[in-house]
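The structure file upload-v4.cif is reproduced below (mmCIF, C-alpha atoms).
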data_my_file
#
loop_
_atom_site.label_atom_id
_atom_site.label_comp_id
_atom_site.auth_asym_id
_atom_site.auth_seq_id
_atom_site.Cartn_x
_atom_site.Cartn_y
_atom_site.Cartn_z
CA MET B 7 6.20 -40.40 -0.39
CA ALA B 8 7.96 -37.29 -1.62
CA GLN B 9 5.76 -34.26 -2.10
CA ALA B 10 5.17 -33.18 -5.69
CA LYS B 11 6.96 -29.96 -6.57
CA LYS B 12 4.85 -26.98 -7.48
CA LYS B 13 5.04 -26.00 -11.10
CA LYS B 14 4.74 -22.52 -12.49
CA ARG B 15 1.80 -21.82 -14.74
CA PHE B 16 0.51 -18.98 -16.85
CA PHE B 17 -2.04 -16.54 -15.43
CA ASP B 18 -4.16 -14.22 -17.55
CA VAL B 19 -3.62 -10.48 -17.04
CA GLU B 20 -6.07 -7.92 -18.43
CA MET B 21 -4.83 -4.64 -19.92
CA PRO B 22 -7.94 -2.41 -20.13
CA LEU B 23 -6.04 0.56 -21.59
CA ILE B 24 -5.41 -1.26 -24.87
CA ASN B 25 -8.22 -3.82 -24.51
CA LYS B 26 -5.76 -6.72 -24.64
CA GLN B 27 -4.82 -9.71 -22.50
CA THR B 28 -1.39 -11.17 -21.76
CA GLN B 29 -0.06 -14.01 -19.61
CA ILE B 30 2.53 -14.09 -16.82
CA LEU B 31 4.31 -17.13 -15.42
CA ALA B 32 4.04 -17.65 -11.64
CA PHE B 33 3.28 -20.25 -8.95
CA GLU B 34 0.22 -18.49 -7.53
CA MET B 35 -1.97 -15.52 -8.51
CA PRO B 36 -0.94 -13.30 -5.51
CA GLU B 37 2.69 -13.41 -6.74
CA LEU B 38 1.65 -11.18 -9.65
CA GLU B 39 0.98 -8.22 -7.35
CA ASN B 40 3.22 -5.22 -8.21
CA ARG B 41 4.93 -7.09 -11.05
CA PHE B 42 6.01 -4.92 -14.02
CA ILE B 43 5.53 -5.96 -17.63
CA LYS B 44 6.51 -4.34 -20.93
CA TYR B 45 4.31 -4.55 -24.01
CA ASP B 46 5.21 -3.55 -27.58
CA LEU B 47 2.39 -1.62 -29.26
CA THR B 48 3.96 -1.36 -32.74
CA ARG B 49 1.42 -3.66 -34.39
CA ILE B 50 -1.54 -2.15 -32.59
CA LEU B 51 -0.51 1.40 -33.60
CA ARG B 52 0.29 0.40 -37.20
CA GLY B 53 4.03 0.99 -37.20
CA LYS B 54 4.34 3.64 -34.52
CA SER B 55 6.89 2.01 -32.21
CA ILE B 56 5.80 2.51 -28.61
CA LEU B 57 6.83 0.40 -25.63
CA MET B 58 4.36 0.49 -22.73
CA GLN B 59 5.14 -0.39 -19.14
CA PHE B 60 2.38 -1.77 -16.92
CA LYS B 61 2.12 -2.59 -13.23
CA VAL B 62 0.00 -5.58 -12.20
CA SER B 63 -2.62 -5.31 -9.48
CA VAL B 64 -4.46 -8.37 -8.12
CA LYS B 65 -7.99 -7.98 -6.74
CA ASN B 66 -10.77 -10.55 -6.25
CA ASN B 67 -8.55 -13.20 -7.84
CA GLU B 68 -8.24 -11.14 -11.04
CA ALA B 69 -5.02 -9.59 -12.36
CA VAL B 70 -5.20 -6.19 -14.06
CA ALA B 71 -2.25 -4.31 -15.58
CA LEU B 72 -2.36 -0.50 -15.26
CA PRO B 73 -0.09 1.86 -17.25
CA ARG B 74 3.04 3.23 -15.57
CA GLY B 75 5.13 4.50 -18.47
CA LEU B 76 5.41 4.97 -22.22
CA LEU B 77 8.48 5.16 -24.46
CA LEU B 78 8.61 6.11 -28.13
CA MET B 79 11.47 4.03 -29.53
CA PRO B 80 14.61 6.01 -30.56
CA TYR B 81 14.89 4.36 -34.00
CA PHE B 82 11.38 5.62 -34.84
CA LEU B 83 12.39 9.21 -34.02
CA ARG B 84 15.65 8.96 -36.00
CA ARG B 85 13.65 7.80 -39.01
CA MET B 86 11.41 10.88 -38.77
CA ILE B 87 14.25 13.43 -38.78
CA ARG B 88 15.07 14.80 -42.27
CA LYS B 89 17.88 16.99 -43.60
CA GLY B 90 17.23 20.71 -43.36
CA THR B 91 15.09 20.36 -40.20
CA ASP B 92 15.68 20.91 -36.48
CA TYR B 93 14.42 19.04 -33.46
CA VAL B 94 13.44 20.36 -30.03
CA GLU B 95 13.23 18.22 -26.91
CA ASP B 96 12.70 18.84 -23.22
CA SER B 97 12.24 17.02 -19.90
CA PHE B 98 10.17 18.28 -16.97
CA ILE B 99 8.02 17.22 -14.02
CA ALA B 100 4.30 18.04 -13.86
CA ASN B 101 1.35 17.03 -11.70
CA CYS B 102 -1.87 15.53 -13.00
CA ARG B 103 -4.93 14.67 -10.95
CA ASP B 104 -3.55 11.51 -9.32
CA ALA B 105 0.23 11.43 -9.94
CA THR B 106 3.47 13.29 -10.56
CA LEU B 107 4.68 12.65 -14.12
CA LYS B 108 8.03 12.99 -15.84
CA ILE B 109 7.38 14.06 -19.42
CA LYS B 110 9.73 14.33 -22.42
CA PRO B 111 8.17 15.97 -25.50
CA PHE B 112 9.88 15.79 -28.91
CA LEU B 113 9.28 18.25 -31.77
CA ILE B 114 10.62 18.40 -35.33
CA THR B 115 10.38 21.68 -37.27
CA ARG B 116 9.83 21.86 -41.02
CA ARG B 117 12.97 23.95 -41.59
CA LYS B 118 16.09 25.01 -39.70
CA VAL B 119 15.19 27.50 -36.97
CA SER B 120 17.02 29.88 -34.63
CA ASN B 121 17.70 29.18 -30.97
CA ARG B 122 15.11 31.82 -30.09
CA VAL B 123 12.39 29.89 -31.92
CA LYS B 124 13.52 26.63 -30.28
CA ARG B 125 13.33 28.25 -26.86
CA GLY B 126 9.86 29.61 -27.62
CA LEU B 127 8.63 26.17 -28.72
CA ARG B 128 10.16 24.52 -25.65
CA ASP B 129 8.63 26.99 -23.18
CA LYS B 130 5.19 26.91 -24.82
CA THR B 131 5.19 23.10 -24.93
CA LYS B 132 5.89 22.85 -21.20
CA GLU B 133 3.23 25.45 -20.41
CA GLU B 134 0.52 23.78 -22.52
CA ILE B 135 1.22 20.20 -21.39
CA THR B 136 1.24 21.25 -17.71
CA ARG B 137 -2.13 22.97 -18.19
CA TYR B 138 -3.56 20.11 -20.26
CA ILE B 139 -2.88 17.31 -17.76
CA GLN B 140 -3.59 19.08 -14.46
CA ASP B 141 -7.24 17.94 -14.20
CA LYS B 142 -6.85 14.52 -15.88
CA THR B 143 -6.06 11.08 -14.45
CA THR B 144 -3.00 9.11 -15.58
CA GLU B 145 -5.17 6.55 -17.35
CA ARG B 146 -6.91 9.28 -19.35
CA ILE B 147 -3.56 10.89 -20.26
CA PHE B 148 -2.05 7.62 -21.52
CA GLU B 149 -5.22 6.92 -23.51
CA GLU B 150 -5.16 10.32 -25.22
CA ILE B 151 -1.45 9.99 -26.07
CA LEU B 152 -2.05 6.59 -27.71
CA LYS B 153 -4.95 8.07 -29.69
CA ASN B 154 -2.71 11.01 -30.69
CA LYS B 155 -5.31 13.46 -29.35
CA MET B 156 -2.95 15.29 -27.01
CA GLN B 157 -0.25 15.67 -29.69
CA LYS B 158 -2.70 17.04 -32.27
CA GLU B 159 -4.01 19.74 -29.95
CA LEU B 160 -0.47 20.68 -28.93
CA SER B 161 0.68 20.87 -32.56
CA MET B 162 -2.18 23.25 -33.46
CA ILE B 163 -1.09 25.63 -30.69
CA LEU B 164 2.64 25.43 -31.47
CA LYS B 165 2.24 26.11 -35.19
CA LYS B 166 1.49 29.74 -34.28
CA ILE B 167 5.15 29.95 -33.21
CA TYR B 168 6.52 27.75 -36.02
CA PRO B 169 4.98 24.90 -38.09
CA LEU B 170 6.05 21.38 -37.10
CA SER B 171 6.47 18.19 -39.10
CA LEU B 172 6.27 16.08 -35.92
CA CYS B 173 4.87 16.65 -32.44
CA GLU B 174 5.24 13.67 -30.11
CA ILE B 175 5.67 12.60 -26.50
CA LYS B 176 9.04 10.87 -26.45
CA SER B 177 8.41 9.36 -23.02
CA ILE B 178 6.16 9.72 -20.02
CA GLU B 179 6.39 7.90 -16.70
CA ILE B 180 4.78 8.05 -13.29
CA GLU B 181 7.27 9.37 -10.75
CA LYS B 182 4.96 9.36 -7.74
CA ASP B 183 1.33 8.47 -7.04
CA LEU B 184 -0.81 11.16 -5.43
CA GLU B 185 -4.18 11.09 -3.69
CA MET B 186 -7.07 12.00 -5.94
CA LYS B 187 -8.08 15.64 -5.52
CA LYS B 188 -11.35 15.67 -3.55
CA VAL B 189 -14.21 18.03 -4.31
CA GLU B 190 -14.71 20.50 -1.47
CA GLU B 191 -17.61 19.60 0.81
CA SER B 192 -20.54 22.01 1.25
CA PRO B 193 -20.21 24.25 4.35
CA LYS B 194 -21.99 23.24 7.57
CA LYS B 195 -25.18 24.91 8.74
CA SER B 196 -23.34 26.76 11.48
CA GLU B 197 -21.01 28.26 8.90
CA ASP B 198 -24.01 29.44 6.84
CA LYS B 199 -25.14 31.52 9.81
CA GLU B 200 -21.97 33.59 9.81
CA VAL B 201 -22.70 37.07 8.54
CA LYS B 202 -19.91 39.38 7.38
CA GLY B 203 -17.25 37.77 9.56
CA VAL B 204 -19.49 37.51 12.69
CA PRO B 205 -19.06 34.10 14.42
CA ALA B 206 -22.04 31.71 14.35
CA GLU B 207 -22.31 31.64 18.18
CA LYS B 208 -22.87 35.41 18.42
CA THR B 209 -25.45 35.26 15.63
CA GLU B 210 -27.38 32.52 17.46
CA LYS B 211 -27.34 34.51 20.77
CA LYS B 212 -28.65 37.58 18.95
CA GLU B 213 -31.51 35.56 17.46
CA LYS B 214 -32.45 34.17 20.91
CA LYS B 215 -32.54 37.69 22.46
CA THR B 216 -34.77 38.97 19.65
CA LYS B 217 -37.15 36.03 20.09
CA LYS B 218 -37.30 36.58 23.89
CA LYS B 219 -38.19 40.26 23.42
CA GLU B 220 -41.02 39.31 21.05
CA ASP B 221 -42.41 36.80 23.58
CA ASP B 222 -42.26 39.38 26.42
CA SER B 223 -44.13 41.95 24.35
CA GLU B 224 -46.90 39.47 23.55
CA GLU B 225 -47.32 38.64 27.28
CA ALA B 226 -47.56 42.33 28.16
CA LYS B 227 -50.47 42.72 25.73
#

Output the file's structure in the form of structure tokens.
Amino acid sequence: MAQAKKKKRFFDVEMPLINKQTQILAFEMPELENRFIKYDLTRILRGKSILMQFKVSVKNNEAVALPRGLLLMPYFLRRMIRKGTDYVEDSFIANCRDATLKIKPFLITRRKVSNRVKRGLRDKTKEEITRYIQDKTTERIFEEILKNKMQKELSMILKKIYPLSLCEIKSIEIEKDLEMKKVEESPKKSEDKEVKGVPAEKTEKKEKKTKKKEDDSEEAK
């Protein structure tokens, strides 16, 4: 008898970042490992057109999709630009706690501005974003962008240079994964014995000599 051919079937994939579930077609669950999927968040964000990219990880026979990139759709940005305004955009690399990210911010001013103002906005945006993400994980960063928290805080800082009608992250993607920054371990006991640059061994020898002198003096009595 001829063997029955395997058929592809749908497997559930959890997306904890947006608290949603999707399905991917495959023969077996392990085939989902390192698969990329794209998910449109327009309905979830009530008209704000964002396309998310996820990477699937399989563990304990469960598939979980973790965020790898975010793109604000170009037609959404074009719709936000009005006559008599200027836009400022940039692209740079910055490190967060567990990855190297490529970030593209996008700003729209309320009126036409000079190149000097544009340059000031661009430089300040890069400085603030780099500082903001340095101690955060990628998951936390994506979450705060979707909640518009990061953009609001950035807009409040930038309005001191010039008021904006829009402050957004045009795109953000993970360029390279990094090891999580570890908290420094407490020094060893031997290191605690070092006094003003004196090695621990010398300190211990000195303590032994002092103790021996005390013992000798007691015996003499």

**Request:** Starting from the displayed file, determine the output of the PyMOL selection byres ((chain B and resi 22) around 12) and express the residue list as an MDAnalysis selection string.
**Result:** chainID B and resid 19:21 23:28 60 62 69:73 145:146 148:149

**Request:** Go through B:Leu47, B:Ala100, B:Ala105, B:Met86 one by one, measure the shortest atom-to-atom distance of each to Asp183 (chain B) using all atoms listed in the file, and give the residue with the smallest value.
**Result:**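 Looking only at the distances to Asp183 (chain B), the closest residue turns out to be B:Ala105.
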
**Request:** Compare B:Lys110, B:Lys118, B:Lys54, B:Lys44 by their minimum atom-to-atom distance to Asn154 (chain B), counting all atoms listed in the file, and give me the closest one.
**Result:**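 Using all atoms listed in the file, the shortest distance to Asn154 (chain B) belongs to B:Lys54.
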
**Item:** Option closest in space to Asp104 (chain B), from B:Val64, B:Ile56, B:Ile147, B:Met79 [counting only C-alpha atoms]
**Value:**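 Comparing B:Val64, B:Ile56, B:Ile147, B:Met79 against Asp104 (chain B), the winner is B:Ile147.
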
**Message:** From the options B:Phe42, B:Phe112, B:Phe33, B:Phe98, which residue's atoms come nearest to Lys124 (chain B), counting all atoms listed in the file?
**Reply:**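 Comparing B:Phe42, B:Phe112, B:Phe33, B:Phe98 against Lys124 (chain B), the winner is B:Phe112.
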
**Prompt:** Pick from B:Lys165, B:Ile139, B:Val94, B:Arg74: nearest to Arg125 (chain B), with all atoms listed in the file counted?
**Reply:**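 Selected residue with least distance to Arg125 (chain B): B:Val94.
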
**Request:** For Ile99 (chain B), please output as a ChimeraX atom specification all residues within 7 Å (counting all atoms listed in the file; exclusion window: fewer than 3 positions along the same chain).
**Result:** /B:106-109

**Request:** Step by step, work through what the PyMOL selection byres ((chain B and resi 169) around 7) selects in the shown file, and finish by giving those residues as a list in words.
**Result:**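 That selection, the PyMOL selection byres ((chain B and resi 169) around 7), comes back as Thr115, Arg116, Lys165, Tyr168, Leu170 and Ser171 of chain B.
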
**Request:** Record the distance separating CA of Arg49 (chain B) and CA of Lys14 (chain B), expressed in Å with one decimal.
**Result:**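 A separation of 29.1 Å between them.
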
**Request:** Given the file shown, enumerate the residues that the PyMOL selection byres ((chain B and resi 164) around 10) captures and present them as a VMD selection string.
**Result:** chain B and resid 113 126 to 128 130 to 131 134 158 to 163 165 to 170 173

**Asked** CA of Asp18 (chain B) to CA of Glu68 (chain B): how many Å, to one decimal?
**Response**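 For CA of Asp18 (chain B) relative to CA of Glu68 (chain B), the distance reads 8.3 Å.
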
**Request:** In Å, rounded to a single decimal, give me how far CA of Asp141 (chain B) is from CA of Lys182 (chain B).
**Result:**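 Separating CA of Lys182 (chain B) from CA of Asp141 (chain B) is a distance of 16.3 Å.
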
**Pro80 (chain B) surroundings by only C-alpha atoms, 9 Å radius, close-in-sequence under 3 positions cut, as a list in words** =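 Once the nearby chain positions are removed, what remains is Ser55, Leu77, Leu83, Arg84, Arg85 and Lys176 of chain B.
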